[in-house]
Amino acid sequence: MNILQIIAKKRDKQELSKQEIDYFIQQYTKGIIPDYQMASLLMAIFLNGMSKREITDLTLAMAYSGEVLDLSSLGKIIVDKHSTGGVGDKVSLILLPLVASLGVPVAKMSGRGLGFTGGTVDKLESIPGYQTDISIDQFKQNVKDIGISMISQTMNLAPADKKMYRLRDSISCVESIPLIASSIMSKKIASGAQKIVLDVTVGDGAFMKTIERARELAHEMIEIGKLANRETVCVLTSMEQPLGYAIGNQLEVIEAVECLQGNMPEDVKQVVLSLGSEMLKLSGLGDDLRQNKDKLWQAIQEGKAYEKFLTMVSTQGGDISYLQNSNQLIKAKYMCPVISKESGFVQAIPAEQIGKITCALGAGRIQKEDQIDPSVGIVLHKKIGDYVEKGEVLATIHANQLSSAKQAEKDLRNTYQLGKERKQIDDVIEII
Ligand code: URA
């Protein structure tokens with residue numbers, strides 16, 4: 001098979017055969033096809049799209065580029081969750097210990113930050129000692145012993161996605177339905193999920209900016225799920241503004257711990273309970289979504305979810321004393337308040353811009369080799385619908401360099417939009 005012909009075919013808007021897709025993915029995974037040739041195929045897919053058949057073939061080729069776990073020996077239905085990405089999205093850190101505390105086994109393979117969005121793995125790694133790259137045997141053992149394990153993609157699970165994910169990030173090829181759908185579904189299939197709940201984010205801080213695009217992505221992933229025999233439910237949630245108040249790795253872990261202790265911002269609560277109630281339903285633990293939400297909230301209030309989180313962290317080598325007393329964590333050197341120069345109701349906090357400001361502080365990667373600074377980020381004090389008096393603090397910037405703090409302060413003040421009317425947004429938009 002000829003590599004250049006395959007790239008040219010997609011460049012010229014033709015459909016690739018299953019054999020061509022399989023060949024390209026296998027050779028890329030082995031390192032025979034170099035990054036620059038994969039980069040041009042990705043750009044061609046980004047620009048010209050793929051048919052449904054091509055997307056399914058791509059997903060399966062990526063899923064089977066490494067090991068595909070069979071977790072059926074656990075004797076329980078494995079329901080996995082994934083988000084299409086967002087800003088301040090710490091949902092996995094809260095939701096997964098929560099459902100695990102109710103007996104749903106969690107075997108979760110998460111990603112790193114992508115584009116302006118954060119990644120669960122970077123957040124987990126900001127907990128001193130937490131190992132995201134444990135062996136597959138240890139991963140399975142943890143799920144068996146304590147009902148939960150959250151890892152990165154460092155093992156031989158969907159290795160093609162791991163390489164492609166980083167590459168897409170460095171060549172502006174992220175916001176593509178075929179590429180997002182295949183990336184997410186390949187990871188879910190490889191990590192042994194039997195049923196899948198997807199948080200499809202919509203709005204300024206999501207890769208899908210409109211409800212129509214989000215629906216299209218959701219239907220694509222449901223279709224792949226059907227063909228791969230994995231029942232899939234999509235919950236469309238708002239990413240117009242950052243989720244919760246904290247953005248930045250360590251800051252989000254601290255907020256997640258507060259949420260697990262029952263102090264959950266309303267938007268986080270709506271999203272966590274909606275996704276969680278669908279996960280319980282798919283697990284066979286109850287068809288009544290209202291009752292499922294009550295059960296989940298009770299597990300938070302009884303401290304079961306927080307306990308499960310601590311157990312998971314310590315099992316994976318993390319030092320839970322940092323979670324029990326977050327003052328021990330190394331904080332950023334500078335904390336700069338962003339003061340409002342006017343009064344009014346917050347109308348918008350464009351989340352993409354907030355994600356970019358946070359990345360520029362060092363919380364995300366600009367180049368694929370960049371190191372993450374776990375301590376930096378932003379804590380919002382005002383969200384959409386809140387009233388702000390002139391002189392009040394809108395947000396606090398956590399930075400390690402004075403110059404970047406000053407730049408972030410300026411950018412952040414310009415990002416907040418105030419007006420006369422109180423604006424409201426729906427946190428959970430629809431379920432497909
Ligand atoms: N999450 C993923 O795992 N892949 C994407 O492409 C986007 C979000």
# chains A, B, ... in the order shown; residues from 1 in each chain; ligands from 1
$ residues_around --residues "Leu157 in chain A" --least-positions-apart "4" --cutoff "6 Å" --atoms "only C-alpha atoms" --output "compact mmCIF listing (two decimals) with N, CA and C atoms, in the first residue's frame"
# COMPACT_ATOMS: atom_id res chain seq x y z
N GLY A 66 -3.54 -1.51 19.98
CA GLY A 66 -2.84 -2.09 21.13
C GLY A 66 -3.73 -3.16 21.74
N GLU A 67 -3.59 -3.30 23.05
CA GLU A 67 -4.40 -4.30 23.74
C GLU A 67 -5.84 -3.82 23.90
N ALA A 190 -11.00 0.20 23.95
CA ALA A 190 -9.75 -0.46 24.38
C ALA A 190 -9.72 -0.69 25.89
$ closest_atom_pairs --of "range 64-97 of chain A" --to "range 294-313 of chain A" --cutoff "8 Å" --atoms "only C-alpha atoms" --output "CSV"
residue,atom,partner,partner_atom,distance
A:Leu93,CA,A:Phe309,CA,7.9
A:Ile94,CA,A:Ala305,CA,7.8
A:Pro97,CA,A:Phe309,CA,5.2
$ select_by_dssp --residues "range 133-295 of chain A" --states "helix (DSSP H, G or I)" --output "ChimeraX atom specification"
/A:136-146,159-170,177-190,211-227,249-260,266-282,289-295
$ closest_residue --among "A:Gln194, A:Asn400, A:Thr29, A:Ser149" --to "Asp80 in chain A" --atoms "only C-alpha atoms"
A:Gln194
$ residues_near_ligand --ligand "ligand 1" --cutoff "7 Å" --atoms "only C-alpha atoms and all ligand atoms" --output "PyMOL selection string"
chain A and resi 83-85+111+165+174+179-181+183-184
$ closest_residue --among "A:Ile354, A:Arg365, A:Tyr64, A:Asp319" --to "Ala158 in chain A" --atoms "only C-alpha atoms"
A:Tyr64
$ residues_around --residues "Asn414 in chain A" --least-positions-apart "6" --cutoff "12 Å" --atoms "only C-alpha atoms" --output "list in words"
Val338, Ile339, Ser340, Lys341, Glu342, Ala348, Ile349, Pro350, Gln353, Ile354, Ile357, Leu394, Gln407 and Ala408 of chain A
$ write_last_selection --atoms "all heavy atoms" --output "CSV table (one decimal), in the first residue's frame"
chain,number,residue,atom,x,y,z
A,338,VAL,N,-8.5,40.3,40.4
A,338,VAL,CA,-8.9,41.0,39.2
A,338,VAL,C,-10.2,41.9,39.6
A,338,VAL,O,-11.2,41.3,40.0
A,338,VAL,CB,-9.3,40.1,38.0
A,338,VAL,CG1,-9.7,40.9,36.8
A,338,VAL,CG2,-8.2,39.2,37.7
A,339,ILE,N,-10.0,43.2,39.7
A,339,ILE,CA,-11.0,44.0,40.3
A,339,ILE,C,-11.9,44.6,39.1
A,339,ILE,O,-11.4,45.0,38.1
A,339,ILE,CB,-10.4,45.3,41.0
A,339,ILE,CG1,-9.2,44.8,41.9
A,339,ILE,CG2,-11.4,46.1,41.7
A,339,ILE,CD1,-9.7,44.1,43.2
A,340,SER,N,-13.2,44.5,39.4
A,340,SER,CA,-14.1,45.0,38.3
A,340,SER,C,-14.1,46.6,38.3
A,340,SER,O,-14.1,47.2,39.3
A,340,SER,CB,-15.5,44.5,38.6
A,340,SER,OG,-16.4,45.0,37.6
A,341,LYS,N,-14.1,47.1,37.1
A,341,LYS,CA,-14.1,48.6,36.9
A,341,LYS,C,-15.5,49.1,36.8
A,341,LYS,O,-15.7,50.3,36.5
A,341,LYS,CB,-13.2,49.0,35.8
A,341,LYS,CG,-11.8,48.7,36.1
A,341,LYS,CD,-10.8,49.4,35.1
A,341,LYS,CE,-9.4,49.2,35.7
A,341,LYS,NZ,-8.4,49.4,34.7
A,342,GLU,N,-16.5,48.2,36.7
A,342,GLU,CA,-17.9,48.6,36.6
A,342,GLU,C,-18.8,47.7,37.4
A,342,GLU,O,-18.4,46.7,37.9
A,342,GLU,CB,-18.3,48.6,35.1
A,342,GLU,CG,-17.9,47.3,34.4
A,342,GLU,CD,-18.3,47.2,33.0
A,342,GLU,OE1,-19.2,48.0,32.5
A,342,GLU,OE2,-17.7,46.4,32.3
A,348,ALA,N,-21.4,37.1,30.4
A,348,ALA,CA,-20.5,36.1,29.7
A,348,ALA,C,-19.1,36.0,30.3
A,348,ALA,O,-18.6,37.0,30.7
A,348,ALA,CB,-20.5,36.4,28.2
A,349,ILE,N,-18.6,34.8,30.4
A,349,ILE,CA,-17.2,34.6,30.8
A,349,ILE,C,-16.7,33.6,29.7
A,349,ILE,O,-16.6,32.4,30.0
A,349,ILE,CB,-17.0,34.0,32.2
A,349,ILE,CG1,-18.0,34.7,33.2
A,349,ILE,CG2,-15.6,34.1,32.6
A,349,ILE,CD1,-17.9,34.0,34.6
A,350,PRO,N,-16.4,34.1,28.5
A,350,PRO,CA,-16.0,33.2,27.4
A,350,PRO,C,-15.0,32.2,27.8
A,350,PRO,O,-13.8,32.5,28.1
A,350,PRO,CB,-15.6,34.1,26.3
A,350,PRO,CG,-16.3,35.4,26.6
A,350,PRO,CD,-16.3,35.5,28.1
A,353,GLN,N,-11.5,31.6,26.0
A,353,GLN,CA,-10.5,32.7,26.4
A,353,GLN,C,-9.9,32.4,27.8
A,353,GLN,O,-8.7,32.5,28.0
A,353,GLN,CB,-11.2,34.1,26.3
A,353,GLN,CG,-10.3,35.2,26.6
A,353,GLN,CD,-9.1,35.3,25.6
A,353,GLN,OE1,-9.0,34.6,24.6
A,353,GLN,NE2,-8.1,36.1,26.0
A,354,ILE,N,-10.8,32.0,28.7
A,354,ILE,CA,-10.3,31.6,30.0
A,354,ILE,C,-9.3,30.5,30.0
A,354,ILE,O,-8.3,30.5,30.6
A,354,ILE,CB,-11.5,31.3,31.0
A,354,ILE,CG1,-12.5,32.4,31.1
A,354,ILE,CG2,-11.0,30.8,32.3
A,354,ILE,CD1,-12.1,33.6,32.0
A,357,ILE,N,-6.0,31.8,28.7
A,357,ILE,CA,-5.3,32.6,29.7
A,357,ILE,C,-4.6,31.6,30.7
A,357,ILE,O,-3.5,31.8,31.1
A,357,ILE,CB,-6.2,33.6,30.4
A,357,ILE,CG1,-6.8,34.6,29.5
A,357,ILE,CG2,-5.5,34.3,31.6
A,357,ILE,CD1,-7.9,35.4,30.0
A,394,LEU,N,-13.5,40.0,40.7
A,394,LEU,CA,-14.1,39.1,39.8
A,394,LEU,C,-13.5,37.7,39.9
A,394,LEU,O,-14.1,36.7,39.7
A,394,LEU,CB,-13.9,39.6,38.3
A,394,LEU,CG,-14.6,40.9,38.0
A,394,LEU,CD1,-14.1,41.4,36.6
A,394,LEU,CD2,-16.1,40.7,37.9
A,407,GLN,N,-0.3,40.1,32.8
A,407,GLN,CA,-1.0,39.9,31.5
A,407,GLN,C,-2.3,39.2,31.7
A,407,GLN,O,-3.3,39.6,31.1
A,407,GLN,CB,-0.1,39.1,30.6
A,407,GLN,CG,-0.6,38.9,29.2
A,407,GLN,CD,-0.7,40.2,28.4
A,407,GLN,OE1,0.2,41.1,28.5
A,407,GLN,NE2,-1.8,40.5,27.8
A,408,ALA,N,-2.3,38.2,32.6
A,408,ALA,CA,-3.6,37.5,32.8
A,408,ALA,C,-4.6,38.4,33.4
A,408,ALA,O,-5.8,38.3,33.1
A,408,ALA,CB,-3.3,36.3,33.7
$ residues_around --residues "Ser191 in chain A" --least-positions-apart "6" --cutoff "7 Å" --atoms "only C-alpha atoms" --output "ChimeraX atom specification"
/A:68-69,109,157
$ closest_atom_pairs --of "range 254-357 of chain A" --to "range 116-134 of chain A" --cutoff "9 Å" --atoms "only C-alpha atoms" --output "tab-separated table"
residue	atom	partner	partner_atom	distance
A:Val313	CA	A:Tyr130	CA	6.4
A:Ser314	CA	A:Tyr130	CA	7.7
A:Thr315	CA	A:Tyr130	CA	8.7
A:Gln316	CA	A:Gln131	CA	5.4
A:Gly317	CA	A:Tyr130	CA	4.9
A:Gly318	CA	A:Tyr130	CA	3.9
A:Asp319	CA	A:Pro128	CA	5.9
A:Ile320	CA	A:Ile127	CA	8.2
A:Tyr322	CA	A:Ile127	CA	7.4
A:Leu323	CA	A:Ile127	CA	8.0
A:Leu329	CA	A:Pro128	CA	8.5
A:Glu352	CA	A:Phe116	CA	6.4
A:Gln353	CA	A:Phe116	CA	8.2
A:Ile354	CA	A:Phe116	CA	8.4
A:Gly355	CA	A:Phe116	CA	4.9
A:Lys356	CA	A:Phe116	CA	5.3
A:Ile357	CA	A:Phe116	CA	8.7
$ closest_residue --among "A:Ala206, A:Ala61, A:Val379, A:Ile146" --to "Gly103 in chain A" --atoms "only C-alpha atoms"
A:Ile146
$ select_by_dssp --residues "range 171-346 of chain A" --states "strand (DSSP E or B)" --output "JSON, numbers by chain"
{"A": [195, 196, 197, 198, 199, 200, 201, 202, 208, 231, 232, 233, 234, 235, 236, 237, 238, 246, 247, 334, 335, 336, 337, 338, 339, 344, 345, 346]}
$ write_last_selection --atoms "N, CA, C and O atoms" --output "compact mmCIF listing (two decimals), in the first residue's frame"
# COMPACT_ATOMS: atom_id res chain seq x y z
N LYS A 195 -20.57 -0.25 28.49
CA LYS A 195 -21.55 0.81 28.25
C LYS A 195 -20.86 2.14 28.51
O LYS A 195 -19.93 2.20 29.33
N ILE A 196 -21.34 3.17 27.84
CA ILE A 196 -20.58 4.43 27.87
C ILE A 196 -21.52 5.62 28.05
O ILE A 196 -22.56 5.72 27.37
N VAL A 197 -21.16 6.52 28.97
CA VAL A 197 -21.89 7.78 29.11
C VAL A 197 -20.94 8.90 28.70
O VAL A 197 -19.84 8.99 29.25
N LEU A 198 -21.37 9.71 27.74
CA LEU A 198 -20.49 10.77 27.25
C LEU A 198 -21.04 12.14 27.60
O LEU A 198 -22.23 12.42 27.43
N ASP A 199 -20.14 12.97 28.11
CA ASP A 199 -20.48 14.36 28.40
C ASP A 199 -20.06 15.16 27.16
O ASP A 199 -18.86 15.39 26.94
N VAL A 200 -21.05 15.52 26.35
CA VAL A 200 -20.74 16.26 25.12
C VAL A 200 -20.93 17.75 25.42
O VAL A 200 -22.05 18.22 25.58
N THR A 201 -19.81 18.43 25.55
CA THR A 201 -19.88 19.83 25.96
C THR A 201 -20.19 20.73 24.76
O THR A 201 -19.76 20.46 23.63
N VAL A 202 -20.94 21.80 25.04
CA VAL A 202 -21.37 22.71 23.97
C VAL A 202 -21.12 24.15 24.41
O VAL A 202 -21.43 24.50 25.54
N MET A 208 -17.19 21.83 20.34
CA MET A 208 -18.42 22.02 19.56
C MET A 208 -19.08 23.32 20.05
O MET A 208 -19.57 23.38 21.18
N GLU A 231 -23.49 0.12 24.31
CA GLU A 231 -24.60 1.07 24.44
C GLU A 231 -24.03 2.42 24.92
O GLU A 231 -23.26 2.47 25.88
N THR A 232 -24.42 3.48 24.25
CA THR A 232 -23.83 4.80 24.54
C THR A 232 -24.92 5.85 24.72
O THR A 232 -25.85 5.94 23.92
N VAL A 233 -24.80 6.63 25.80
CA VAL A 233 -25.74 7.73 26.06
C VAL A 233 -24.93 9.02 26.08
O VAL A 233 -23.84 9.06 26.66
N CYS A 234 -25.47 10.06 25.44
CA CYS A 234 -24.76 11.35 25.44
C CYS A 234 -25.57 12.38 26.22
O CYS A 234 -26.77 12.56 25.97
N VAL A 235 -24.90 13.07 27.13
CA VAL A 235 -25.52 14.16 27.87
C VAL A 235 -24.87 15.45 27.37
O VAL A 235 -23.64 15.60 27.46
N LEU A 236 -25.68 16.33 26.78
CA LEU A 236 -25.13 17.59 26.26
C LEU A 236 -25.13 18.62 27.38
O LEU A 236 -26.19 18.89 27.97
N THR A 237 -23.96 19.14 27.72
CA THR A 237 -23.86 20.09 28.85
C THR A 237 -23.21 21.39 28.39
O THR A 237 -22.44 21.41 27.44
N SER A 238 -23.55 22.45 29.11
CA SER A 238 -23.06 23.77 28.69
C SER A 238 -21.60 24.00 29.08
O SER A 238 -21.20 23.73 30.20
N ALA A 246 -12.88 26.90 39.79
CA ALA A 246 -11.42 26.79 39.64
C ALA A 246 -11.04 26.30 38.25
O ALA A 246 -11.69 25.42 37.69
N ILE A 247 -9.97 26.89 37.71
CA ILE A 247 -9.40 26.43 36.44
C ILE A 247 -7.88 26.35 36.65
O ILE A 247 -7.27 27.33 37.05
N TYR A 334 2.39 34.16 43.20
CA TYR A 334 1.60 35.40 43.17
C TYR A 334 0.11 35.09 43.10
O TYR A 334 -0.31 34.22 42.35
N MET A 335 -0.66 35.83 43.89
CA MET A 335 -2.12 35.72 43.81
C MET A 335 -2.65 37.11 43.53
O MET A 335 -2.58 37.98 44.41
N CYS A 336 -3.13 37.35 42.34
CA CYS A 336 -3.54 38.69 41.94
C CYS A 336 -5.05 38.78 41.77
O CYS A 336 -5.62 38.06 40.94
N PRO A 337 -5.68 39.67 42.53
CA PRO A 337 -7.12 39.84 42.33
C PRO A 337 -7.41 40.61 41.04
O PRO A 337 -6.64 41.49 40.67
N VAL A 338 -8.50 40.28 40.38
CA VAL A 338 -8.93 41.04 39.20
C VAL A 338 -10.15 41.86 39.65
O VAL A 338 -11.19 41.29 39.98
N ILE A 339 -9.96 43.16 39.69
CA ILE A 339 -11.00 44.03 40.25
C ILE A 339 -11.89 44.56 39.12
O ILE A 339 -11.40 44.99 38.09
N GLY A 344 -22.67 45.57 37.44
CA GLY A 344 -23.64 44.95 36.53
C GLY A 344 -23.72 43.46 36.74
O GLY A 344 -23.00 42.90 37.58
N PHE A 345 -24.63 42.83 35.99
CA PHE A 345 -24.75 41.36 36.04
C PHE A 345 -23.75 40.74 35.06
O PHE A 345 -23.59 41.25 33.95
N VAL A 346 -23.12 39.64 35.48
CA VAL A 346 -22.21 38.96 34.55
C VAL A 346 -23.04 38.32 33.43
O VAL A 346 -23.97 37.56 33.70
$ residues_around --residues "range 271-286 of chain A" --least-positions-apart "2" --cutoff "7 Å" --atoms "only C-alpha atoms" --output "JSON, numbers by chain"
{"A": [77, 79, 91, 95, 99, 104, 195, 197, 235, 237, 267, 268, 269, 288, 289, 292, 293, 296, 427, 428]}
$ write_last_selection --atoms "N, CA, C and O atoms" --output "short mmCIF file (atom, residue, chain, number, x, y, z; two decimals), in the first residue's frame"
data_model
loop_
_atom_site.label_atom_id
_atom_site.label_comp_id
_atom_site.auth_asym_id
_atom_site.auth_seq_id
_atom_site.Cartn_x
_atom_site.Cartn_y
_atom_site.Cartn_z
N ILE A 77 -21.24 -4.97 35.12
CA ILE A 77 -21.23 -4.19 33.88
C ILE A 77 -20.26 -3.01 34.07
O ILE A 77 -20.35 -2.27 35.05
N VAL A 79 -19.33 0.47 33.12
CA VAL A 79 -19.85 1.67 32.46
C VAL A 79 -18.79 2.74 32.56
O VAL A 79 -18.36 3.09 33.66
N VAL A 91 -15.17 17.12 36.38
CA VAL A 91 -16.28 16.19 36.63
C VAL A 91 -15.80 14.77 36.92
O VAL A 91 -16.28 14.13 37.86
N LEU A 95 -17.30 12.58 39.84
CA LEU A 95 -18.30 11.60 39.42
C LEU A 95 -17.84 10.15 39.57
O LEU A 95 -18.61 9.29 40.01
N VAL A 99 -19.75 7.27 41.67
CA VAL A 99 -20.47 6.08 41.21
C VAL A 99 -19.79 4.80 41.74
O VAL A 99 -20.45 3.82 42.07
N VAL A 104 -20.56 0.80 41.21
CA VAL A 104 -20.32 0.73 39.75
C VAL A 104 -18.80 0.65 39.54
O VAL A 104 -18.08 1.56 39.95
N LYS A 195 -20.57 -0.25 28.49
CA LYS A 195 -21.55 0.81 28.25
C LYS A 195 -20.86 2.14 28.51
O LYS A 195 -19.93 2.20 29.33
N VAL A 197 -21.16 6.52 28.97
CA VAL A 197 -21.89 7.78 29.11
C VAL A 197 -20.94 8.90 28.70
O VAL A 197 -19.84 8.99 29.25
N VAL A 235 -24.90 13.07 27.13
CA VAL A 235 -25.52 14.16 27.87
C VAL A 235 -24.87 15.45 27.37
O VAL A 235 -23.64 15.60 27.46
N THR A 237 -23.96 19.14 27.72
CA THR A 237 -23.86 20.09 28.85
C THR A 237 -23.21 21.39 28.39
O THR A 237 -22.44 21.41 27.44
N ASP A 267 -23.61 24.41 39.00
CA ASP A 267 -23.42 23.86 37.65
C ASP A 267 -22.71 22.50 37.70
O ASP A 267 -23.09 21.56 36.99
N VAL A 268 -21.72 22.38 38.59
CA VAL A 268 -21.01 21.10 38.72
C VAL A 268 -22.01 20.04 39.19
O VAL A 268 -22.05 18.91 38.67
N LYS A 269 -22.84 20.43 40.16
CA LYS A 269 -23.81 19.47 40.72
C LYS A 269 -24.76 18.94 39.65
O LYS A 269 -24.99 17.73 39.53
N ASP A 288 -34.96 4.77 37.43
CA ASP A 288 -35.57 6.06 37.74
C ASP A 288 -34.45 7.10 37.95
O ASP A 288 -33.74 7.07 38.97
N LEU A 289 -34.32 8.01 37.01
CA LEU A 289 -33.20 8.96 37.05
C LEU A 289 -33.26 9.87 38.27
O LEU A 289 -32.24 10.24 38.86
N ASN A 292 -32.08 7.94 41.16
CA ASN A 292 -30.62 7.77 41.03
C ASN A 292 -29.89 9.02 41.51
O ASN A 292 -28.86 8.94 42.19
N LYS A 293 -30.43 10.20 41.15
CA LYS A 293 -29.78 11.44 41.58
C LYS A 293 -29.82 11.54 43.11
O LYS A 293 -28.83 11.95 43.73
N LEU A 296 -27.17 9.34 44.55
CA LEU A 296 -25.84 9.90 44.36
C LEU A 296 -25.57 11.01 45.38
O LEU A 296 -24.51 11.08 46.00
N ASP A 427 -27.42 24.32 32.57
CA ASP A 427 -26.17 23.56 32.70
C ASP A 427 -26.24 22.24 31.94
O ASP A 427 -25.27 21.81 31.33
N VAL A 428 -27.41 21.60 32.02
CA VAL A 428 -27.60 20.35 31.27
C VAL A 428 -28.62 20.65 30.17
O VAL A 428 -29.72 21.12 30.45
#
$ closest_residue --among "A:Met164, A:Leu60, A:Ile254, A:Ala351" --to "Asn229 in chain A" --atoms "only C-alpha atoms"
A:Leu60
$ atom_distance --atom1 "CA of Ile6 in chain A" --atom2 "CA of Ala63 in chain A"
20.4 Å
$ atom_distance --atom1 "CA of Gly49 in chain A" --atom2 "CA of Asp89 in chain A"
27.5 Å
$ closest_residue --among "A:Lys30, A:His219, A:Lys188, A:Arg213" --to "Lys108 in chain A" --atoms "only C-alpha atoms"
A:Lys188
$ decode --residues "range 85-99 of chain A" --atoms "N, CA, C and O atoms" --output "compact mmCIF listing (two decimals), in the first residue's frame"
# COMPACT_ATOMS: atom_id res chain seq x y z
N GLY A 85 -14.41 17.48 26.41
CA GLY A 85 -13.42 18.50 26.76
C GLY A 85 -14.03 19.82 27.17
O GLY A 85 -15.08 20.22 26.67
N GLY A 86 -13.37 20.45 28.12
CA GLY A 86 -13.89 21.72 28.58
C GLY A 86 -12.88 22.47 29.43
O GLY A 86 -11.74 22.05 29.57
N VAL A 87 -13.36 23.58 30.00
CA VAL A 87 -12.51 24.44 30.80
C VAL A 87 -13.03 24.39 32.24
O VAL A 87 -14.22 24.62 32.47
N GLY A 88 -12.16 24.03 33.16
CA GLY A 88 -12.61 23.87 34.56
C GLY A 88 -13.39 22.58 34.75
O GLY A 88 -14.08 22.41 35.74
N ASP A 89 -13.22 21.66 33.81
CA ASP A 89 -14.02 20.42 33.84
C ASP A 89 -13.35 19.38 34.75
O ASP A 89 -12.48 18.63 34.33
N LYS A 90 -13.79 19.38 36.01
CA LYS A 90 -13.21 18.43 36.98
C LYS A 90 -14.21 17.32 37.29
O LYS A 90 -14.13 16.64 38.32
N VAL A 91 -15.17 17.12 36.38
CA VAL A 91 -16.28 16.19 36.63
C VAL A 91 -15.80 14.77 36.92
O VAL A 91 -16.28 14.13 37.86
N SER A 92 -14.82 14.27 36.14
CA SER A 92 -14.38 12.87 36.36
C SER A 92 -13.87 12.65 37.77
O SER A 92 -14.08 11.59 38.36
N LEU A 93 -13.18 13.67 38.31
CA LEU A 93 -12.60 13.52 39.65
C LEU A 93 -13.68 13.36 40.72
O LEU A 93 -13.44 12.81 41.78
N ILE A 94 -14.86 13.86 40.44
CA ILE A 94 -15.96 13.81 41.42
C ILE A 94 -16.88 12.63 41.10
O ILE A 94 -17.21 11.81 41.95
N LEU A 95 -17.30 12.58 39.84
CA LEU A 95 -18.30 11.60 39.42
C LEU A 95 -17.84 10.15 39.57
O LEU A 95 -18.61 9.29 40.01
N LEU A 96 -16.58 9.88 39.20
CA LEU A 96 -16.16 8.48 39.15
C LEU A 96 -16.02 7.86 40.54
O LEU A 96 -16.54 6.76 40.78
N PRO A 97 -15.37 8.54 41.50
CA PRO A 97 -15.41 7.97 42.87
C PRO A 97 -16.83 7.88 43.40
O PRO A 97 -17.17 6.95 44.14
N LEU A 98 -17.67 8.83 42.97
CA LEU A 98 -19.06 8.83 43.45
C LEU A 98 -19.80 7.57 42.98
O LEU A 98 -20.39 6.84 43.79
N VAL A 99 -19.75 7.27 41.67
CA VAL A 99 -20.47 6.08 41.21
C VAL A 99 -19.79 4.80 41.74
O VAL A 99 -20.45 3.82 42.07
